[in-house]
Structure formats: structure tokens, C-alpha cells
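K.L.:
One file: start_28.cif (mmCIF, C-alpha atoms).
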```cif
data_structure
loop_
_atom_site.group_PDB
_atom_site.id
_atom_site.type_symbol
_atom_site.label_atom_id
_atom_site.label_comp_id
_atom_site.auth_asym_id
_atom_site.auth_seq_id
_atom_site.Cartn_x
_atom_site.Cartn_y
_atom_site.Cartn_z
ATOM 1 C CA MET A 1 112.029 71.797 77.977
ATOM 2 C CA ASN A 2 115.709 72.417 78.457
ATOM 3 C CA ASP A 3 117.298 74.250 81.361
ATOM 4 C CA ALA A 4 118.515 77.177 79.225
ATOM 5 C CA LEU A 5 115.001 77.900 77.981
ATOM 6 C CA TYR A 6 113.461 77.844 81.451
ATOM 7 C CA ALA A 7 116.328 79.974 82.811
ATOM 8 C CA LEU A 8 115.650 82.556 80.085
ATOM 9 C CA MET A 9 111.958 82.576 81.021
ATOM 10 C CA LYS A 10 112.905 83.249 84.640
ATOM 11 C CA GLU A 11 115.130 86.098 83.487
ATOM 12 C CA LEU A 12 112.467 87.673 81.263
ATOM 13 C CA PHE A 13 109.251 87.322 83.234
ATOM 14 C CA ASP A 14 108.061 88.245 86.699
ATOM 15 C CA GLU A 15 107.950 85.214 88.977
ATOM 16 C CA ASN A 16 104.182 85.721 89.413
ATOM 17 C CA GLU A 17 103.761 85.088 85.677
ATOM 18 C CA ILE A 18 105.929 81.995 85.259
ATOM 19 C CA ARG A 19 104.032 78.756 84.992
ATOM 20 C CA PRO A 20 105.533 75.934 87.079
ATOM 21 C CA ARG A 21 107.976 73.978 84.935
ATOM 22 C CA GLU A 22 106.244 70.641 85.591
ATOM 23 C CA GLN A 23 102.896 72.031 84.433
ATOM 24 C CA LEU A 24 104.412 73.566 81.317
ATOM 25 C CA GLU A 25 106.213 70.332 80.455
ATOM 26 C CA ALA A 26 102.973 68.357 80.942
ATOM 27 C CA PHE A 27 101.161 70.695 78.518
ATOM 28 C CA ILE A 28 103.996 70.267 76.008
ATOM 29 C CA ASN A 29 103.963 66.476 76.357
ATOM 30 C CA GLU A 30 100.177 66.439 75.830
ATOM 31 C CA GLY A 31 100.639 68.454 72.627
ATOM 32 C CA LEU A 32 98.563 71.396 73.894
ATOM 33 C CA CYS A 33 101.463 73.785 74.278
ATOM 34 C CA LYS A 34 104.169 74.450 71.725
ATOM 35 C CA ILE A 35 107.516 76.211 71.892
ATOM 36 C CA GLU A 36 109.270 78.028 69.074
ATOM 37 C CA THR A 37 112.722 79.498 69.498
ATOM 38 C CA THR A 38 115.250 81.254 67.342
ATOM 39 C CA MET A 39 118.917 80.616 67.972
ATOM 40 C CA GLN A 40 122.212 82.314 67.265
ATOM 41 C CA GLU A 41 124.909 79.690 67.505
ATOM 42 C CA GLU A 42 124.224 78.060 70.907
ATOM 43 C CA THR A 43 122.281 80.979 72.388
ATOM 44 C CA ILE A 44 118.492 81.303 72.481
ATOM 45 C CA GLU A 45 117.530 84.607 70.844
ATOM 46 C CA SER A 46 113.766 84.394 71.273
ATOM 47 C CA LEU A 47 111.078 82.194 72.712
ATOM 48 C CA LEU A 48 107.423 81.934 71.828
ATOM 49 C CA ILE A 49 105.268 79.580 73.882
ATOM 50 C CA TYR A 50 101.643 79.138 72.877
ATOM 51 C CA PHE A 51 98.600 76.913 73.192
ATOM 52 C CA ASP A 52 97.099 75.648 69.939
ATOM 53 C CA LEU A 53 93.492 75.020 70.953
ATOM 54 C CA ASP A 54 90.313 74.088 69.074
ATOM 55 C CA ASP A 55 89.259 77.498 67.827
ATOM 56 C CA TYR A 56 92.028 79.823 68.986
ATOM 57 C CA ILE A 57 95.728 80.235 69.668
ATOM 58 C CA PHE A 58 96.755 81.596 73.064
ATOM 59 C CA ILE A 59 100.232 83.106 73.280
ATOM 60 C CA ASP A 60 101.484 82.415 76.778
ATOM 61 C CA TYR A 61 104.991 83.886 76.471
ATOM 62 C CA LEU A 62 106.933 85.951 73.970
ATOM 63 C CA GLY A 63 110.420 86.875 75.059
ATOM 64 C CA ILE A 64 113.630 88.155 73.546
ATOM 65 C CA ASN A 65 116.979 87.422 75.150
ATOM 66 C CA PRO A 66 118.305 90.772 76.477
ATOM 67 C CA LYS A 67 121.506 90.233 74.452
ATOM 68 C CA PHE A 68 119.395 90.677 71.313
ATOM 69 C CA HIS A 69 117.134 93.577 72.343
ATOM 70 C CA GLY A 70 116.777 96.467 69.936
ATOM 71 C CA LEU A 71 117.318 94.415 66.770
ATOM 72 C CA GLY A 72 113.654 94.118 65.747
ATOM 73 C CA LEU A 73 113.617 90.421 66.598
ATOM 74 C CA GLY A 74 110.373 90.596 68.602
ATOM 75 C CA SER A 75 108.548 92.148 65.669
ATOM 76 C CA LYS A 76 109.981 89.611 63.248
ATOM 77 C CA VAL A 77 109.081 86.627 65.447
ATOM 78 C CA MET A 78 105.512 87.874 65.920
ATOM 79 C CA GLN A 79 104.994 88.855 62.270
ATOM 80 C CA ASP A 80 106.190 85.427 61.110
ATOM 81 C CA PHE A 81 103.993 83.690 63.694
ATOM 82 C CA LEU A 82 100.856 85.711 62.919
ATOM 83 C CA ALA A 83 101.302 85.221 59.169
ATOM 84 C CA ARG A 84 101.048 81.430 59.666
ATOM 85 C CA GLN A 85 97.866 81.473 61.747
ATOM 86 C CA THR A 86 94.382 80.647 60.504
ATOM 87 C CA LYS A 87 92.711 80.829 63.941
ATOM 88 C CA LEU A 88 92.011 83.753 66.222
ATOM 89 C CA VAL A 89 95.153 84.650 68.202
ATOM 90 C CA LEU A 90 94.825 85.869 71.788
ATOM 91 C CA LEU A 91 97.360 87.075 74.314
ATOM 92 C CA GLU A 92 97.303 88.752 77.678
ATOM 93 C CA VAL A 93 98.894 92.033 78.629
ATOM 94 C CA GLU A 94 98.894 93.617 82.023
ATOM 95 C CA LYS A 95 96.426 96.456 82.455
ATOM 96 C CA VAL A 96 98.231 99.663 81.507
ATOM 97 C CA ASP A 97 99.302 101.676 84.542
ATOM 98 C CA ASN A 98 102.830 102.687 83.544
ATOM 99 C CA GLU A 99 104.962 103.512 80.508
ATOM 100 C CA LEU A 100 106.487 100.025 80.105
ATOM 101 C CA LYS A 101 103.067 98.359 79.987
ATOM 102 C CA GLN A 102 101.870 100.966 77.477
ATOM 103 C CA ARG A 103 104.925 100.298 75.289
ATOM 104 C CA ARG A 104 104.050 96.570 75.282
ATOM 105 C CA VAL A 105 100.501 97.331 74.142
ATOM 106 C CA ASN A 106 101.815 99.718 71.473
ATOM 107 C CA PHE A 107 104.230 97.015 70.229
ATOM 108 C CA TYR A 108 101.407 94.521 69.725
ATOM 109 C CA GLU A 109 99.113 97.140 68.182
ATOM 110 C CA ARG A 110 101.792 97.958 65.583
ATOM 111 C CA LEU A 111 101.680 94.255 64.642
ATOM 112 C CA GLY A 112 97.922 94.387 64.081
ATOM 113 C CA LEU A 113 96.573 93.148 67.421
ATOM 114 C CA THR A 114 93.645 94.910 69.066
ATOM 115 C CA LEU A 115 93.366 95.738 72.760
ATOM 116 C CA ASN A 116 89.892 94.610 73.819
ATOM 117 C CA ASP A 117 87.750 96.548 76.286
ATOM 118 C CA GLY A 118 87.039 93.974 78.991
ATOM 119 C CA ASP A 119 89.168 93.317 82.062
ATOM 120 C CA TYR A 120 89.867 90.143 83.987
ATOM 121 C CA GLU A 121 92.152 88.885 86.717
ATOM 122 C CA MET A 122 94.923 86.320 86.263
ATOM 123 C CA LEU A 123 95.922 84.278 89.300
ATOM 124 C CA SER A 124 99.544 84.647 90.343
ATOM 125 C CA TYR A 125 101.551 81.441 89.888
ATOM 126 C CA LEU A 126 103.645 82.378 92.906
ATOM 127 C CA ASP A 127 100.703 83.096 95.207
ATOM 128 C CA PRO A 128 97.306 81.948 93.860
ATOM 129 C CA SER A 129 95.540 84.098 96.464
ATOM 130 C CA GLN A 130 96.793 87.156 94.540
ATOM 131 C CA THR A 131 95.591 88.330 91.144
ATOM 132 C CA ILE A 132 97.086 90.396 88.345
ATOM 133 C CA PRO A 133 94.785 92.782 86.406
ATOM 134 C CA MET A 134 94.928 91.823 82.734
ATOM 135 C CA LYS A 135 93.598 92.770 79.309
ATOM 136 C CA ILE A 136 93.255 90.576 76.231
ATOM 137 C CA MET A 137 94.604 91.477 72.825
ATOM 138 C CA SER A 138 93.365 89.689 69.724
ATOM 139 C CA TYR A 139 94.341 89.178 66.097
ATOM 140 C CA PRO A 140 93.107 89.644 63.419
ATOM 141 C CA LYS A 141 89.995 91.289 64.892
ATOM 142 C CA ALA A 142 88.593 92.852 68.033
ATOM 143 C CA LEU A 143 86.270 90.795 70.212
ATOM 144 C CA ASN A 144 82.732 91.932 70.934
ATOM 145 C CA ASP A 145 81.518 91.707 74.553
ATOM 146 C CA GLU A 146 80.010 88.236 74.126
ATOM 147 C CA GLU A 147 83.132 86.857 72.417
ATOM 148 C CA PHE A 148 85.337 88.432 75.087
ATOM 149 C CA GLU A 149 83.421 86.765 77.925
ATOM 150 C CA GLY A 150 83.429 83.438 76.081
ATOM 151 C CA TYR A 151 87.165 83.498 75.461
ATOM 152 C CA VAL A 152 87.930 84.565 79.042
ATOM 153 C CA LYS A 153 86.062 81.432 80.195
ATOM 154 C CA LYS A 154 87.939 79.296 77.669
ATOM 155 C CA ILE A 155 91.334 80.730 78.683
ATOM 156 C CA LYS A 156 90.612 80.139 82.372
ATOM 157 C CA HIS A 157 89.586 76.558 81.594
ATOM 158 C CA ASP A 158 92.092 75.605 78.872
ATOM 159 C CA VAL A 159 95.179 77.534 79.953
ATOM 160 C CA TYR A 160 94.793 78.038 83.706
ATOM 161 C CA LEU A 161 92.830 74.848 84.451
ATOM 162 C CA LEU A 162 90.183 76.700 86.458
#
```
Mind turning this structure into C-alpha cells?

P.N.:
Amino acid sequence: MNDALYALMKELFDENEIRPREQLEAFINEGLCKIETTMQEETIESLLIYFDLDDYIFIDYLGINPKFHGLGLGSKVMQDFLARQTKLVLLEVEKVDNELKQRRVNFYERLGLTLNDGDYEMLSYLDPSQTIPMKIMSYPKALNDEEFEGYVKKIKHDVYLL
């Protein structure tokens, strides 16, 4: 992973949500985690970091460089990505408690993802004694209660190593 990509991640995401670089690089080297970017000349426009696991894809990060906000790039990146998938796609969103978080959910819903009912807590990368209330969105279908619980266990094991 190059310095520019990790710097963009630090610019786009809260420090509680950024996986340690060494851990992310280890996942990439093991082939579990993949990175897709779009570029304009020498500048990263977008990043998509995901885990390609046995029976599902877990999107860890989707980010658009602020220089390219408002151009529909996020929608294009996600539409292209989802169109190529044959497995269930999962991603986390923070539990909605403000307008920005609701806009994120609305963005993903417009792309065909479903906000599932169950809640769970993500450990903060900055302070593992703290948690962040999360929801899971899925594509192309909603998860029933049993599937939700099963995938929460898989995410905690596969993605967070718990």
C-alpha cells in the first residue's frame, strides 16, 4: 500500500475506523483484502478496499477524494463493483443518529443495498475498549435474523480477527 493511499484514508475516515497500516498490508499480502482505485493523472480519485471471503464480500472502505466530490464518482465506483459480484456483498454503516449518517444510508440504498434490522458494535481501532454502534447493509438482498447473526460472527472473525 502506498503512502498516498493511506494518507487519503486518514483524510477520509475517522481515526477510530482506520485499520492499522501493518494489519491492512498483511491482509493484502495474504490475498484476503483487495484494493481498487481510480486515478486522474497522478491523483487518487477513489478507493475501494474489500475482503473477498468464501461466501461473501465485505467492503471495508469506500472513499472519494474530496477534490472529486459531487461528480457522481462514488455511485459509479459502487455500481461497477456491485455489477461484477456473484457473492453477497456486506458493508457497515454507523447507526443513524444524524443527517450525515442518514445520507450515507440513503446513498447505499439508491444503489440497491438494504439496511438490515440488527445492530452490533465495532471495536475502535484507536481504543479497543470503546465501541462504535453499527448496522449492516447487504446486496442484493436483505438478511433474515439468522443470516444476520451468522454474518456478524463471520465479520468479527474474518475481518476483525475476534

K.L.:
Write out as a Markdown table a residue-level contact list of range 54-159 of chain A versus range 17-37 of chain A with cut-off 8 Å: for each qualifying residue the closest pair of atoms and the distance in Å to one decimal, counting all atoms listed in the file, rows sorted by chain and residue number upward.

P.N.:
```
| residue | atom | partner | partner_atom | distance |
| --- | --- | --- | --- | --- |
| A:Ser124 | CA | A:Glu17 | CA | 6.3 |
| A:Tyr125 | CA | A:Glu17 | CA | 6.0 |
| A:Leu126 | CA | A:Glu17 | CA | 7.7 |
```

K.L.:
Pick the closest to Asp55 in chain A from A:Asn2, A:Thr131, A:Asn16, A:Gln85: which is it, counting all atoms listed in the file?

P.N.:
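Smallest separation from Asp55 in chain A among the options: A:Gln85.
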
K.L.:
Please check which residues have atoms at most 8 Å from (99.7, 80.8, 68.4) in the file's coordinates, counting all atoms listed in the file, and write them as a VMD selection string.

P.N.:
chain A and resid 49 to 52 56 to 59 81 to 82 85 89 to 90

K.L.:
Which residue, A:Leu62, A:Met134, A:Leu73, A:Leu162, has the smallest gap to Lys101 in chain A when you use only C-alpha atoms?

P.N.:
A:Met134

K.L.:
Would you translate the PyMOL selection byres ((chain A and resi 132) around 12) into the concrete set of residues it matches in this file, as a list in words?

P.N.:
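Taken over the shown coordinates, the PyMOL selection byres ((chain A and resi 132) around 12) returns Asp14, Asn16, Glu17, Glu92, Val93, Glu94, Lys95, Val96, Asp119, Tyr120, Glu121, Met122, Leu123, Ser124, Tyr125, Leu126, Asp127, Pro128, Ser129, Gln130, Thr131, Pro133, Met134 and Lys135 of chain A.
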
K.L.:
Go ahead and write the selection's residues with C-alpha atoms as a compact mmCIF listing (two decimals), in the frame of the given file.

P.N.:
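To be explicit, this is the file written out as out.txt:
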```txt
# COMPACT_ATOMS: atom_id res chain seq x y z
CA ASP A 14 108.06 88.24 86.70
CA ASN A 16 104.18 85.72 89.41
CA GLU A 17 103.76 85.09 85.68
CA GLU A 92 97.30 88.75 77.68
CA VAL A 93 98.89 92.03 78.63
CA GLU A 94 98.89 93.62 82.02
CA LYS A 95 96.43 96.46 82.46
CA VAL A 96 98.23 99.66 81.51
CA ASP A 119 89.17 93.32 82.06
CA TYR A 120 89.87 90.14 83.99
CA GLU A 121 92.15 88.88 86.72
CA MET A 122 94.92 86.32 86.26
CA LEU A 123 95.92 84.28 89.30
CA SER A 124 99.54 84.65 90.34
CA TYR A 125 101.55 81.44 89.89
CA LEU A 126 103.64 82.38 92.91
CA ASP A 127 100.70 83.10 95.21
CA PRO A 128 97.31 81.95 93.86
CA SER A 129 95.54 84.10 96.46
CA GLN A 130 96.79 87.16 94.54
CA THR A 131 95.59 88.33 91.14
CA PRO A 133 94.78 92.78 86.41
CA MET A 134 94.93 91.82 82.73
CA LYS A 135 93.60 92.77 79.31
```

K.L.:
Write out as a ChimeraX atom specification each polymer residue whose atoms come within 8 Å of Tyr139 in chain A, counting all atoms listed in the file; drop sequence neighbours fewer than 2 positions from it.

P.N.:
/A:88-90,112-114,137,141-142

K.L.:
So, counting all atoms listed in the file, which residue among A:Tyr160, A:Ile44, A:Asn116, A:Phe13 is closest to Asn144 in chain A?

P.N.:
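Answer, going by the shortest atom-to-atom distance: A:Asn116.
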
K.L.:
Between CA of Lys154 in chain A and CA of Phe107 in chain A, what is the spacing in Å?

P.N.:
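Rounded to one decimal, the two atoms are 25.2 Å apart.
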
K.L.:
Between A:Ile155, A:Glu41, A:Pro140, A:Leu115, which has the minimum distance to Ala83 in chain A (counting only C-alpha atoms)?

P.N.:
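Checking each of A:Ile155, A:Glu41, A:Pro140, A:Leu115 against Ala83 in chain A, counting only C-alpha atoms, the winner is A:Pro140.
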
K.L.:
Pick out the closest residue to Ser138 in chain A from this set: A:Gly150, A:Leu91, A:Asn65, A:Gln102. Count all atoms listed in the file.

P.N.:
A:Leu91

K.L.:
Any idea what's packed within 10 Å of Glu11 in chain A, counting only C-alpha atoms, ignoring anything in its chain fewer than 5 positions away? Could you give it as a list in words?

P.N.:
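Non-adjacent residues within range: Leu5, Tyr6, Gly63, Asn65 and Pro66 of chain A.
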
K.L.:
Selected residues, C-alpha atoms, written as a short mmCIF file (atom, residue, chain, number, x, y, z; two decimals), keeping the file's coordinate frame, please.

P.N.:
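Heads up, here's the output in out_5.cif:
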```
data_model
loop_
_atom_site.label_atom_id
_atom_site.label_comp_id
_atom_site.auth_asym_id
_atom_site.auth_seq_id
_atom_site.Cartn_x
_atom_site.Cartn_y
_atom_site.Cartn_z
CA LEU A 5 115.00 77.90 77.98
CA TYR A 6 113.46 77.84 81.45
CA GLY A 63 110.42 86.88 75.06
CA ASN A 65 116.98 87.42 75.15
CA PRO A 66 118.30 90.77 76.48
#
```

K.L.:
What does the structure give for the distance between CA of Leu71 in chain A and CA of Ser46 in chain A, in Å to one decimal?

P.N.:
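Separation of CA of Leu71 in chain A and CA of Ser46 in chain A: 11.5 Å.
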
K.L.:
So how many Å separate CA of Glu147 in chain A and CA of Gly118 in chain A, to one decimal?

P.N.:
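Atom-to-atom, CA of Glu147 in chain A and CA of Gly118 in chain A are spaced 10.4 Å apart.
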
K.L.:
Looking at A:Leu143, A:Tyr61, A:Phe68, A:Tyr108, which one is nearest to Lys10 in chain A, with distances taken over all atoms listed in the file?

P.N.:
A:Tyr61

K.L.:
I'd like the box whose edges run along x, y and z of the file and which contains every listed atom of range 21-25 of chain A, padded by 4 Å per side; could you state its centre and edge lengths in Å, one decimal, as JSON?

P.N.:
```
{"center_x": 105.4, "center_y": 72.2, "center_z": 83.0, "size_x": 13.1, "size_y": 11.6, "size_z": 13.1}
```

K.L.:
Is there a way to complete range 50-61 of chain A with all heavy atoms and then write that out as a PDB file, in the coordinates of the input?

P.N.:
```
ATOM      1  N   TYR A  50     103.065  78.905  73.138  1.00  0.00           N
ATOM      2  CA  TYR A  50     101.643  79.138  72.877  1.00  0.00           C
ATOM      3  C   TYR A  50     100.848  77.845  72.959  1.00  0.00           C
ATOM      4  O   TYR A  50     101.397  76.748  72.846  1.00  0.00           O
ATOM      5  CB  TYR A  50     101.448  79.795  71.508  1.00  0.00           C
ATOM      6  CG  TYR A  50     101.899  78.955  70.341  1.00  0.00           C
ATOM      7  CD1 TYR A  50     101.001  78.174  69.626  1.00  0.00           C
ATOM      8  CD2 TYR A  50     103.235  78.943  69.940  1.00  0.00           C
ATOM      9  CE1 TYR A  50     101.414  77.403  68.550  1.00  0.00           C
ATOM     10  CE2 TYR A  50     103.653  78.176  68.870  1.00  0.00           C
ATOM     11  CZ  TYR A  50     102.739  77.403  68.177  1.00  0.00           C
ATOM     12  OH  TYR A  50     103.164  76.628  67.123  1.00  0.00           O
ATOM     13  N   PHE A  51      99.558  78.013  73.182  1.00  0.00           N
ATOM     14  CA  PHE A  51      98.600  76.913  73.192  1.00  0.00           C
ATOM     15  C   PHE A  51      97.872  76.932  71.860  1.00  0.00           C
ATOM     16  O   PHE A  51      97.345  77.970  71.464  1.00  0.00           O
ATOM     17  CB  PHE A  51      97.576  77.094  74.318  1.00  0.00           C
ATOM     18  CG  PHE A  51      98.116  76.841  75.685  1.00  0.00           C
ATOM     19  CD1 PHE A  51      98.924  77.769  76.322  1.00  0.00           C
ATOM     20  CD2 PHE A  51      97.811  75.661  76.343  1.00  0.00           C
ATOM     21  CE1 PHE A  51      99.418  77.532  77.581  1.00  0.00           C
ATOM     22  CE2 PHE A  51      98.302  75.419  77.620  1.00  0.00           C
ATOM     23  CZ  PHE A  51      99.110  76.354  78.241  1.00  0.00           C
ATOM     24  N   ASP A  52      97.841  75.792  71.192  1.00  0.00           N
ATOM     25  CA  ASP A  52      97.099  75.648  69.939  1.00  0.00           C
ATOM     26  C   ASP A  52      95.836  74.875  70.284  1.00  0.00           C
ATOM     27  O   ASP A  52      95.853  73.653  70.412  1.00  0.00           O
ATOM     28  CB  ASP A  52      97.950  74.907  68.907  1.00  0.00           C
ATOM     29  CG  ASP A  52      97.332  74.917  67.527  1.00  0.00           C
ATOM     30  OD1 ASP A  52      96.150  75.298  67.401  1.00  0.00           O
ATOM     31  OD2 ASP A  52      98.029  74.539  66.574  1.00  0.00           O
ATOM     32  N   LEU A  53      94.735  75.604  70.474  1.00  0.00           N
ATOM     33  CA  LEU A  53      93.492  75.020  70.953  1.00  0.00           C
ATOM     34  C   LEU A  53      92.480  74.909  69.820  1.00  0.00           C
ATOM     35  O   LEU A  53      92.770  75.279  68.693  1.00  0.00           O
ATOM     36  CB  LEU A  53      92.977  75.859  72.132  1.00  0.00           C
ATOM     37  CG  LEU A  53      94.011  75.887  73.285  1.00  0.00           C
ATOM     38  CD1 LEU A  53      93.804  77.078  74.187  1.00  0.00           C
ATOM     39  CD2 LEU A  53      93.967  74.586  74.065  1.00  0.00           C
ATOM     40  N   ASP A  54      91.300  74.382  70.117  1.00  0.00           N
ATOM     41  CA  ASP A  54      90.313  74.088  69.074  1.00  0.00           C
ATOM     42  C   ASP A  54      90.051  75.260  68.136  1.00  0.00           C
ATOM     43  O   ASP A  54      90.183  75.126  66.929  1.00  0.00           O
ATOM     44  CB  ASP A  54      88.985  73.639  69.691  1.00  0.00           C
ATOM     45  CG  ASP A  54      89.084  72.258  70.310  1.00  0.00           C
ATOM     46  OD1 ASP A  54      89.989  71.483  69.923  1.00  0.00           O
ATOM     47  OD2 ASP A  54      88.265  71.961  71.193  1.00  0.00           O
ATOM     48  N   ASP A  55      89.657  76.389  68.690  1.00  0.00           N
ATOM     49  CA  ASP A  55      89.259  77.498  67.827  1.00  0.00           C
ATOM     50  C   ASP A  55      90.076  78.762  68.034  1.00  0.00           C
ATOM     51  O   ASP A  55      89.716  79.826  67.543  1.00  0.00           O
ATOM     52  CB  ASP A  55      87.766  77.799  67.984  1.00  0.00           C
ATOM     53  CG  ASP A  55      87.404  78.245  69.394  1.00  0.00           C
ATOM     54  OD1 ASP A  55      88.132  77.929  70.344  1.00  0.00           O
ATOM     55  OD2 ASP A  55      86.369  78.926  69.541  1.00  0.00           O
ATOM     56  N   TYR A  56      91.179  78.653  68.780  1.00  0.00           N
ATOM     57  CA  TYR A  56      92.028  79.823  68.986  1.00  0.00           C
ATOM     58  C   TYR A  56      93.439  79.411  69.390  1.00  0.00           C
ATOM     59  O   TYR A  56      93.683  78.290  69.800  1.00  0.00           O
ATOM     60  CB  TYR A  56      91.420  80.777  70.027  1.00  0.00           C
ATOM     61  CG  TYR A  56      91.436  80.271  71.456  1.00  0.00           C
ATOM     62  CD1 TYR A  56      92.345  80.780  72.375  1.00  0.00           C
ATOM     63  CD2 TYR A  56      90.532  79.314  71.892  1.00  0.00           C
ATOM     64  CE1 TYR A  56      92.360  80.336  73.688  1.00  0.00           C
ATOM     65  CE2 TYR A  56      90.531  78.875  73.204  1.00  0.00           C
ATOM     66  CZ  TYR A  56      91.446  79.385  74.104  1.00  0.00           C
ATOM     67  OH  TYR A  56      91.464  78.946  75.395  1.00  0.00           O
ATOM     68  N   ILE A  57      94.339  80.360  69.222  1.00  0.00           N
ATOM     69  CA  ILE A  57      95.728  80.235  69.668  1.00  0.00           C
ATOM     70  C   ILE A  57      95.885  81.198  70.842  1.00  0.00           C
ATOM     71  O   ILE A  57      95.468  82.351  70.754  1.00  0.00           O
ATOM     72  CB  ILE A  57      96.720  80.663  68.552  1.00  0.00           C
ATOM     73  CG1 ILE A  57      96.534  79.832  67.285  1.00  0.00           C
ATOM     74  CG2 ILE A  57      98.149  80.664  69.058  1.00  0.00           C
ATOM     75  CD1 ILE A  57      97.042  78.433  67.354  1.00  0.00           C
ATOM     76  N   PHE A  58      96.489  80.736  71.917  1.00  0.00           N
ATOM     77  CA  PHE A  58      96.755  81.596  73.064  1.00  0.00           C
ATOM     78  C   PHE A  58      98.264  81.699  73.257  1.00  0.00           C
ATOM     79  O   PHE A  58      98.926  80.700  73.518  1.00  0.00           O
ATOM     80  CB  PHE A  58      96.109  81.038  74.338  1.00  0.00           C
ATOM     81  CG  PHE A  58      96.380  81.884  75.552  1.00  0.00           C
ATOM     82  CD1 PHE A  58      95.619  83.010  75.800  1.00  0.00           C
ATOM     83  CD2 PHE A  58      97.408  81.569  76.421  1.00  0.00           C
ATOM     84  CE1 PHE A  58      95.880  83.806  76.909  1.00  0.00           C
ATOM     85  CE2 PHE A  58      97.676  82.355  77.530  1.00  0.00           C
ATOM     86  CZ  PHE A  58      96.909  83.473  77.781  1.00  0.00           C
ATOM     87  N   ILE A  59      98.803  82.900  73.075  1.00  0.00           N
ATOM     88  CA  ILE A  59     100.232  83.106  73.280  1.00  0.00           C
ATOM     89  C   ILE A  59     100.459  83.302  74.767  1.00  0.00           C
ATOM     90  O   ILE A  59      99.948  84.239  75.380  1.00  0.00           O
ATOM     91  CB  ILE A  59     100.749  84.319  72.482  1.00  0.00           C
ATOM     92  CG1 ILE A  59     100.583  84.059  70.982  1.00  0.00           C
ATOM     93  CG2 ILE A  59     102.207  84.615  72.839  1.00  0.00           C
ATOM     94  CD1 ILE A  59     100.960  85.239  70.101  1.00  0.00           C
ATOM     95  N   ASP A  60     101.212  82.379  75.346  1.00  0.00           N
ATOM     96  CA  ASP A  60     101.484  82.415  76.778  1.00  0.00           C
ATOM     97  C   ASP A  60     102.717  83.273  77.074  1.00  0.00           C
ATOM     98  O   ASP A  60     102.710  84.050  78.022  1.00  0.00           O
ATOM     99  CB  ASP A  60     101.682  80.983  77.280  1.00  0.00           C
ATOM    100  CG  ASP A  60     101.321  80.805  78.751  1.00  0.00           C
ATOM    101  OD1 ASP A  60     100.723  81.721  79.349  1.00  0.00           O
ATOM    102  OD2 ASP A  60     101.637  79.733  79.293  1.00  0.00           O
ATOM    103  N   TYR A  61     103.758  83.129  76.263  1.00  0.00           N
ATOM    104  CA  TYR A  61     104.991  83.886  76.471  1.00  0.00           C
ATOM    105  C   TYR A  61     105.619  84.255  75.135  1.00  0.00           C
ATOM    106  O   TYR A  61     105.717  83.424  74.237  1.00  0.00           O
ATOM    107  CB  TYR A  61     106.033  83.060  77.244  1.00  0.00           C
ATOM    108  CG  TYR A  61     105.582  82.595  78.592  1.00  0.00           C
ATOM    109  CD1 TYR A  61     105.088  81.309  78.773  1.00  0.00           C
ATOM    110  CD2 TYR A  61     105.660  83.430  79.700  1.00  0.00           C
ATOM    111  CE1 TYR A  61     104.676  80.865  80.023  1.00  0.00           C
ATOM    112  CE2 TYR A  61     105.247  83.001  80.951  1.00  0.00           C
ATOM    113  CZ  TYR A  61     104.757  81.718  81.102  1.00  0.00           C
ATOM    114  OH  TYR A  61     104.340  81.300  82.335  1.00  0.00           O
TER     115      TYR A  61
END
```
